[in-house]
>>> print(open('query_11.pdb').read())   # PDB, C-alpha atoms and all ligand atoms
ATOM      1  CA  MET B   1     -98.021-117.748-222.499
ATOM      2  CA  SER B   2     -95.233-120.264-222.832
ATOM      3  CA  ALA B   3     -92.878-119.613-219.876
ATOM      4  CA  ALA B   4     -93.517-121.641-216.738
ATOM      5  CA  PRO B   5     -95.963-119.803-214.513
ATOM      6  CA  ARG B   6     -94.365-118.447-211.347
ATOM      7  CA  VAL B   7     -96.623-118.711-208.324
ATOM      8  CA  LEU B   8     -95.936-117.167-204.936
ATOM      9  CA  VAL B   9     -97.631-118.680-201.877
ATOM     10  CA  ILE B  10     -97.893-116.391-198.843
ATOM     11  CA  HIS B  11     -98.915-117.928-195.534
ATOM     12  CA  GLY B  12     -99.799-115.374-192.894
ATOM     13  CA  PRO B  13     -99.671-115.331-189.101
ATOM     14  CA  ASN B  14     -99.812-118.493-187.019
ATOM     15  CA  LEU B  15     -99.756-120.754-190.058
ATOM     16  CA  ASN B  16     -96.229-121.803-189.047
ATOM     17  CA  LEU B  17     -98.030-123.691-186.254
ATOM     18  CA  LEU B  18    -100.092-125.868-188.581
ATOM     19  CA  GLY B  19    -100.272-129.443-187.352
ATOM     20  CA  GLN B  20    -100.234-128.434-183.691
ATOM     21  CA  ARG B  21    -102.598-125.454-183.837
ATOM     22  CA  GLU B  22    -106.284-126.376-183.336
ATOM     23  CA  PRO B  23    -106.017-129.511-185.519
ATOM     24  CA  GLY B  24    -109.797-130.009-185.339
ATOM     25  CA  ILE B  25    -110.142-126.794-187.367
ATOM     26  CA  TYR B  26    -106.920-126.596-189.381
ATOM     27  CA  GLY B  27    -105.979-130.269-189.781
ATOM     28  CA  ALA B  28    -102.975-132.375-188.820
ATOM     29  CA  GLN B  29    -100.635-131.433-191.657
ATOM     30  CA  THR B  30     -97.652-129.253-190.845
ATOM     31  CA  LEU B  31     -96.754-126.236-192.937
ATOM     32  CA  ALA B  32     -93.698-128.103-194.272
ATOM     33  CA  GLN B  33     -95.938-130.970-195.408
ATOM     34  CA  LEU B  34     -98.385-128.565-197.049
ATOM     35  CA  ASP B  35     -95.577-126.757-198.867
ATOM     36  CA  ALA B  36     -94.076-130.092-199.992
ATOM     37  CA  SER B  37     -97.438-131.145-201.448
ATOM     38  CA  LEU B  38     -97.705-127.813-203.261
ATOM     39  CA  HIS B  39     -94.204-128.235-204.695
ATOM     40  CA  THR B  40     -95.150-131.723-205.937
ATOM     41  CA  LEU B  41     -98.284-130.381-207.627
ATOM     42  CA  ALA B  42     -96.372-127.418-209.078
ATOM     43  CA  SER B  43     -93.846-129.705-210.747
ATOM     44  CA  GLU B  44     -96.672-131.843-212.152
ATOM     45  CA  LEU B  45     -98.231-128.673-213.583
ATOM     46  CA  GLY B  46     -94.926-127.245-214.817
ATOM     47  CA  ALA B  47     -95.059-124.248-212.491
ATOM     48  CA  GLU B  48     -92.324-122.544-210.457
ATOM     49  CA  LEU B  49     -93.401-122.236-206.854
ATOM     50  CA  THR B  50     -92.133-120.148-203.950
ATOM     51  CA  CYS B  51     -93.669-120.577-200.488
ATOM     52  CA  ARG B  52     -93.225-118.056-197.697
ATOM     53  CA  GLN B  53     -94.686-117.592-194.227
ATOM     54  CA  SER B  54     -94.608-114.572-191.925
ATOM     55  CA  ASN B  55     -96.256-113.469-188.713
ATOM     56  CA  HIS B  56     -95.620-109.815-189.637
ATOM     57  CA  GLU B  57     -97.976-107.701-191.711
ATOM     58  CA  GLY B  58     -95.249-105.433-193.129
ATOM     59  CA  VAL B  59     -93.228-108.408-194.332
ATOM     60  CA  ILE B  60     -96.299-109.736-196.133
ATOM     61  CA  LEU B  61     -96.790-106.311-197.755
ATOM     62  CA  ASP B  62     -93.178-106.329-198.961
ATOM     63  CA  TRP B  63     -93.630-109.792-200.511
ATOM     64  CA  ILE B  64     -96.811-108.685-202.305
ATOM     65  CA  HIS B  65     -95.014-105.604-203.683
ATOM     66  CA  ALA B  66     -92.047-107.721-204.798
ATOM     67  CA  ALA B  67     -94.393-110.061-206.688
ATOM     68  CA  HIS B  68     -94.811-107.384-209.369
ATOM     69  CA  GLY B  69     -92.641-108.622-212.226
ATOM     70  CA  THR B  70     -91.442-111.707-210.372
ATOM     71  CA  ALA B  71     -94.650-113.747-210.015
ATOM     72  CA  ASP B  72     -97.554-114.543-212.333
ATOM     73  CA  GLY B  73     -99.937-115.390-209.522
ATOM     74  CA  ILE B  74    -100.244-115.160-205.755
ATOM     75  CA  ILE B  75    -101.920-117.584-203.382
ATOM     76  CA  ILE B  76    -102.440-115.877-200.055
ATOM     77  CA  ASN B  77    -103.791-117.088-196.747
ATOM     78  CA  PRO B  78    -103.600-113.897-194.690
ATOM     79  CA  GLY B  79    -104.659-115.743-191.495
ATOM     80  CA  ALA B  80    -106.237-113.347-189.020
ATOM     81  CA  TYR B  81    -105.069-110.357-191.116
ATOM     82  CA  THR B  82    -107.851-111.411-193.496
ATOM     83  CA  HIS B  83    -110.310-109.779-191.157
ATOM     84  CA  THR B  84    -108.389-106.623-190.290
ATOM     85  CA  SER B  85    -105.838-105.620-192.896
ATOM     86  CA  VAL B  86    -106.743-102.729-195.160
ATOM     87  CA  ALA B  87    -102.991-102.593-195.880
ATOM     88  CA  ILE B  88    -102.970-106.091-197.398
ATOM     89  CA  GLN B  89    -106.079-105.209-199.415
ATOM     90  CA  ASP B  90    -104.326-102.078-200.715
ATOM     91  CA  ALA B  91    -101.124-103.999-201.550
ATOM     92  CA  LEU B  92    -103.068-106.631-203.505
ATOM     93  CA  ARG B  93    -104.895-103.865-205.388
ATOM     94  CA  ALA B  94    -101.614-102.045-206.070
ATOM     95  CA  VAL B  95     -99.885-104.960-207.754
ATOM     96  CA  PRO B  96    -101.148-106.237-211.138
ATOM     97  CA  VAL B  97    -100.684-109.912-210.253
ATOM     98  CA  PRO B  98    -103.804-112.094-209.909
ATOM     99  CA  ALA B  99    -104.238-113.335-206.361
ATOM    100  CA  VAL B 100    -106.403-116.066-204.915
ATOM    101  CA  GLU B 101    -107.205-115.920-201.211
ATOM    102  CA  VAL B 102    -107.379-119.304-199.516
ATOM    103  CA  HIS B 103    -108.487-120.555-196.124
ATOM    104  CA  LEU B 104    -108.252-123.989-194.616
ATOM    105  CA  SER B 105    -111.488-123.515-192.667
ATOM    106  CA  ASN B 106    -114.920-122.428-193.875
ATOM    107  CA  LEU B 107    -115.173-118.897-192.498
ATOM    108  CA  TYR B 108    -118.947-118.899-192.922
ATOM    109  CA  ARG B 109    -119.216-121.710-190.367
ATOM    110  CA  ARG B 110    -117.175-119.803-187.787
ATOM    111  CA  GLU B 111    -117.493-116.739-185.541
ATOM    112  CA  SER B 112    -119.025-113.653-187.128
ATOM    113  CA  LEU B 113    -115.721-111.738-186.869
ATOM    114  CA  ARG B 114    -114.243-114.229-189.375
ATOM    115  CA  GLN B 115    -117.018-113.735-191.878
ATOM    116  CA  VAL B 116    -115.590-110.476-193.182
ATOM    117  CA  SER B 117    -112.554-110.533-195.457
ATOM    118  CA  MET B 118    -110.733-107.248-196.029
ATOM    119  CA  SER B 119    -108.367-108.875-198.507
ATOM    120  CA  GLY B 120    -110.710-111.156-200.473
ATOM    121  CA  VAL B 121    -112.223-108.178-202.266
ATOM    122  CA  ALA B 122    -108.829-107.501-203.866
ATOM    123  CA  CYS B 123    -108.462-111.084-205.125
ATOM    124  CA  VAL B 124    -109.800-112.742-208.266
ATOM    125  CA  GLY B 125    -111.364-115.417-206.077
ATOM    126  CA  VAL B 126    -111.531-116.957-202.627
ATOM    127  CA  ILE B 127    -111.390-120.688-201.868
ATOM    128  CA  MET B 128    -112.170-121.811-198.331
ATOM    129  CA  GLY B 129    -113.184-124.691-196.151
ATOM    130  CA  LEU B 130    -111.489-127.451-198.132
ATOM    131  CA  GLY B 131    -108.434-127.826-195.913
ATOM    132  CA  THR B 132    -105.178-127.990-197.826
ATOM    133  CA  ALA B 133    -107.163-128.638-201.028
ATOM    134  CA  SER B 134    -108.049-124.922-200.956
ATOM    135  CA  TYR B 135    -104.377-124.223-201.784
ATOM    136  CA  HIS B 136    -104.150-126.997-204.390
ATOM    137  CA  LEU B 137    -107.227-125.754-206.229
ATOM    138  CA  ALA B 138    -105.892-122.193-206.191
ATOM    139  CA  LEU B 139    -102.610-123.396-207.704
ATOM    140  CA  ARG B 140    -104.438-125.312-210.442
ATOM    141  CA  TYR B 141    -106.543-122.222-211.214
ATOM    142  CA  LEU B 142    -103.586-119.817-211.407
ATOM    143  CA  VAL B 143    -101.590-122.143-213.681
ATOM    144  CA  ALA B 144    -104.591-122.632-215.995
ATOM    145  CA  GLU B 145    -105.325-118.902-215.992
ATOM    146  CA  HIS B 146    -101.706-118.084-216.864
ATOM    147  CA  THR B 147    -101.663-120.633-219.679
ATOM    148  CA  ALA B 148    -104.840-119.146-221.146
ATOM    149  CA  ARG B 149    -103.595-115.541-220.790
ATOM    150  CA  PRO B 150    -102.774-113.862-224.129
ATOM    151  CA  SER B 151     -99.028-113.133-224.406
TER     152      SER B 151
HETATM  153  C1  LIG B 201    -107.583-119.054-191.578
HETATM  154  C2  LIG B 201    -108.868-118.497-190.968
HETATM  155  C3  LIG B 201    -108.580-117.243-190.143
HETATM  156  O1  LIG B 201    -109.781-116.745-189.578
HETATM  157  C4  LIG B 201    -107.615-117.562-189.026
HETATM  158  O2  LIG B 201    -107.291-116.386-188.306
HETATM  159  C5  LIG B 201    -106.399-118.250-189.507
HETATM  160  C6  LIG B 201    -106.526-119.301-190.519
HETATM  161  C7  LIG B 201    -107.834-120.381-192.342
HETATM  162  O3  LIG B 201    -106.972-120.772-193.113
HETATM  163  O4  LIG B 201    -108.872-121.023-192.121
HETATM  164  O5  LIG B 201    -105.295-118.002-189.038
HETATM  165  O6  LIG B 201    -107.087-118.115-192.522
END
>>> encode(input="query_11.pdb", output="structure tokens", more="lines below")
Ligand code: DQA
Amino acid sequence: MSAAPRVLVIHGPNLNLLGQREPGIYGAQTLAQLDASLHTLASELGAELTCRQSNHEGVILDWIHAAHGTADGIIINPGAYTHTSVAIQDALRAVPVPAVEVHLSNLYRRESLRQVSMSGVACVGVIMGLGTASYHLALRYLVAEHTARPS
């Protein structure tokens, strides 16, 4: 495929508080800094990037639905909805856009309630525990996957 890959990043609940929220777990970077680093990487890779954050499940569903035809890949950190949201799982299944689920922390090293992902099953892959690099690696994957996709 020749057109620049369009990647949508969806940050879920409480991720607007990055930098001040439990920095020992989620790191010191703010969401604005993370998004800026993703925009820098996207321009290096020749991708078009849109970053959004919401604390509301229905808003996240609407963004996933709208990705059909407007995005070539989705990077999603559903935050705590990861562990509860059948609706986000269904939305990701409903839309034929490859999605990668990302987490800053390693869920397998945390409480048992975080070790189940409702949404990861609807994604092509899950990257976790690498801090903000989880997002960067997902972006690299989706751009490479789009480039290799037959037109
Ligand atoms: C998180 C992990 C979730 O369990 C938690 O509710 C979050 C952030 C992560 O990026 O590590 O909000 O998705």
>>> residues_around(input="query_11.pdb", residues="segment 70-75 of chain B", least_positions_apart="5", cutoff="7 Å", atoms="all atoms listed in the file", output="count of residues only")
14
>>> residues_near_ligand(input="query_11.pdb", ligand="ligand LIG 201 (chain B)", cutoff="8 Å", atoms="only C-alpha atoms and all ligand atoms", output="MDAnalysis selection string")
chainID B and resid 12:15 25:26 77:83 102:107 114 128:129 131
>>> residues_around(input="query_11.pdb", residues="Arg140 of chain B", least_positions_apart="4", cutoff="8 Å", atoms="only C-alpha atoms", output="number ranges by chain")
B: 45, 136, 144
>>> residues_around(input="query_11.pdb", residues="segment 28-36 of chain B", least_positions_apart="4", cutoff="6 Å", atoms="only C-alpha atoms", output="list in words")
Asn16, Leu18, Gly19 and Pro23 of chain B
>>> atom_distance(input="query_11.pdb", atom1="atom CA of Leu38 of chain B", atom2="atom CA of Gln115 of chain B")
26.5 Å
>>> closest_residue(input="query_11.pdb", among="B:Asn55, B:His65, B:Val86, B:Gly120", to="Leu17 of chain B", atoms="only C-alpha atoms")
B:Asn55
>>> axis_aligned_box(input="query_11.pdb", around="segment 83-91 of chain B", padding_each_side="6 Å", output="JSON")
{"center_x": -105.7, "center_y": -105.9, "center_z": -195.9, "size_x": 21.2, "size_y": 19.7, "size_z": 23.3}
>>> atom_distance(input="query_11.pdb", atom1="atom CA of Arg52 of chain B", atom2="atom CA of Leu113 of chain B")
25.8 Å
>>> residues_around(input="query_11.pdb", residues="Ala3 of chain B", least_positions_apart="3", cutoff="12 Å", atoms="all atoms listed in the file", output="PyMOL selection string")
chain B and resi 6+46-48+71-72+143+146-147+149+151
>>> residues_near_point(input="query_11.pdb", point="(-105.7, -109.0, -197.4)", cutoff="6 Å", atoms="all atoms listed in the file", output="PyMOL selection string")
chain B and resi 78+82+85+88-89+118-119
>>> atom_distance(input="query_11.pdb", atom1="atom CA of His11 of chain B", atom2="atom CA of Cys51 of chain B")
7.7 Å
>>> residues_around(input="query_11.pdb", residues="Ala91 of chain B", least_positions_apart="6", cutoff="9 Å", atoms="all atoms listed in the file", output="list in words")
Leu61, Asp62, Ile64, His65 and Ala122 of chain B
>>> closest_residue(input="query_11.pdb", among="B:Val121, B:Ala133, B:Leu49, B:Ile127", to="Arg93 of chain B", atoms="only C-alpha atoms")
B:Val121
>>> build_atoms(input="query_11.pdb", residues="segment 9-20 of chain B", atoms="N, CA and C atoms", output="PDB file, in the frame of the given file")
ATOM      1  N   VAL B   9     -96.693-118.337-202.953  1.00  0.00           N
ATOM      2  CA  VAL B   9     -97.631-118.680-201.877  1.00  0.00           C
ATOM      3  C   VAL B   9     -97.217-117.902-200.635  1.00  0.00           C
ATOM      4  N   ILE B  10     -98.159-117.151-200.073  1.00  0.00           N
ATOM      5  CA  ILE B  10     -97.893-116.391-198.843  1.00  0.00           C
ATOM      6  C   ILE B  10     -98.804-116.925-197.735  1.00  0.00           C
ATOM      7  N   HIS B  11     -98.179-117.482-196.724  1.00  0.00           N
ATOM      8  CA  HIS B  11     -98.915-117.928-195.534  1.00  0.00           C
ATOM      9  C   HIS B  11     -98.746-116.852-194.460  1.00  0.00           C
ATOM     10  N   GLY B  12     -99.851-116.431-193.899  1.00  0.00           N
ATOM     11  CA  GLY B  12     -99.799-115.374-192.894  1.00  0.00           C
ATOM     12  C   GLY B  12     -99.608-115.897-191.475  1.00  0.00           C
ATOM     13  N   PRO B  13    -100.003-115.061-190.501  1.00  0.00           N
ATOM     14  CA  PRO B  13     -99.671-115.331-189.101  1.00  0.00           C
ATOM     15  C   PRO B  13    -100.269-116.624-188.565  1.00  0.00           C
ATOM     16  N   ASN B  14     -99.462-117.264-187.751  1.00  0.00           N
ATOM     17  CA  ASN B  14     -99.812-118.493-187.019  1.00  0.00           C
ATOM     18  C   ASN B  14     -99.863-119.743-187.892  1.00  0.00           C
ATOM     19  N   LEU B  15     -99.703-119.570-189.184  1.00  0.00           N
ATOM     20  CA  LEU B  15     -99.756-120.754-190.058  1.00  0.00           C
ATOM     21  C   LEU B  15     -98.469-121.582-189.955  1.00  0.00           C
ATOM     22  N   ASN B  16     -97.424-121.003-189.358  1.00  0.00           N
ATOM     23  CA  ASN B  16     -96.229-121.803-189.047  1.00  0.00           C
ATOM     24  C   ASN B  16     -96.540-122.877-188.005  1.00  0.00           C
ATOM     25  N   LEU B  17     -97.667-122.725-187.305  1.00  0.00           N
ATOM     26  CA  LEU B  17     -98.030-123.691-186.254  1.00  0.00           C
ATOM     27  C   LEU B  17     -98.980-124.773-186.743  1.00  0.00           C
ATOM     28  N   LEU B  18     -99.187-124.830-188.045  1.00  0.00           N
ATOM     29  CA  LEU B  18    -100.092-125.868-188.581  1.00  0.00           C
ATOM     30  C   LEU B  18     -99.622-127.241-188.111  1.00  0.00           C
ATOM     31  N   GLY B  19    -100.601-128.105-187.840  1.00  0.00           N
ATOM     32  CA  GLY B  19    -100.272-129.443-187.352  1.00  0.00           C
ATOM     33  C   GLY B  19    -100.442-129.527-185.843  1.00  0.00           C
ATOM     34  N   GLN B  20    -100.057-128.454-185.152  1.00  0.00           N
ATOM     35  CA  GLN B  20    -100.234-128.434-183.691  1.00  0.00           C
ATOM     36  C   GLN B  20    -101.303-127.437-183.284  1.00  0.00           C
TER      37      GLN B  20
END
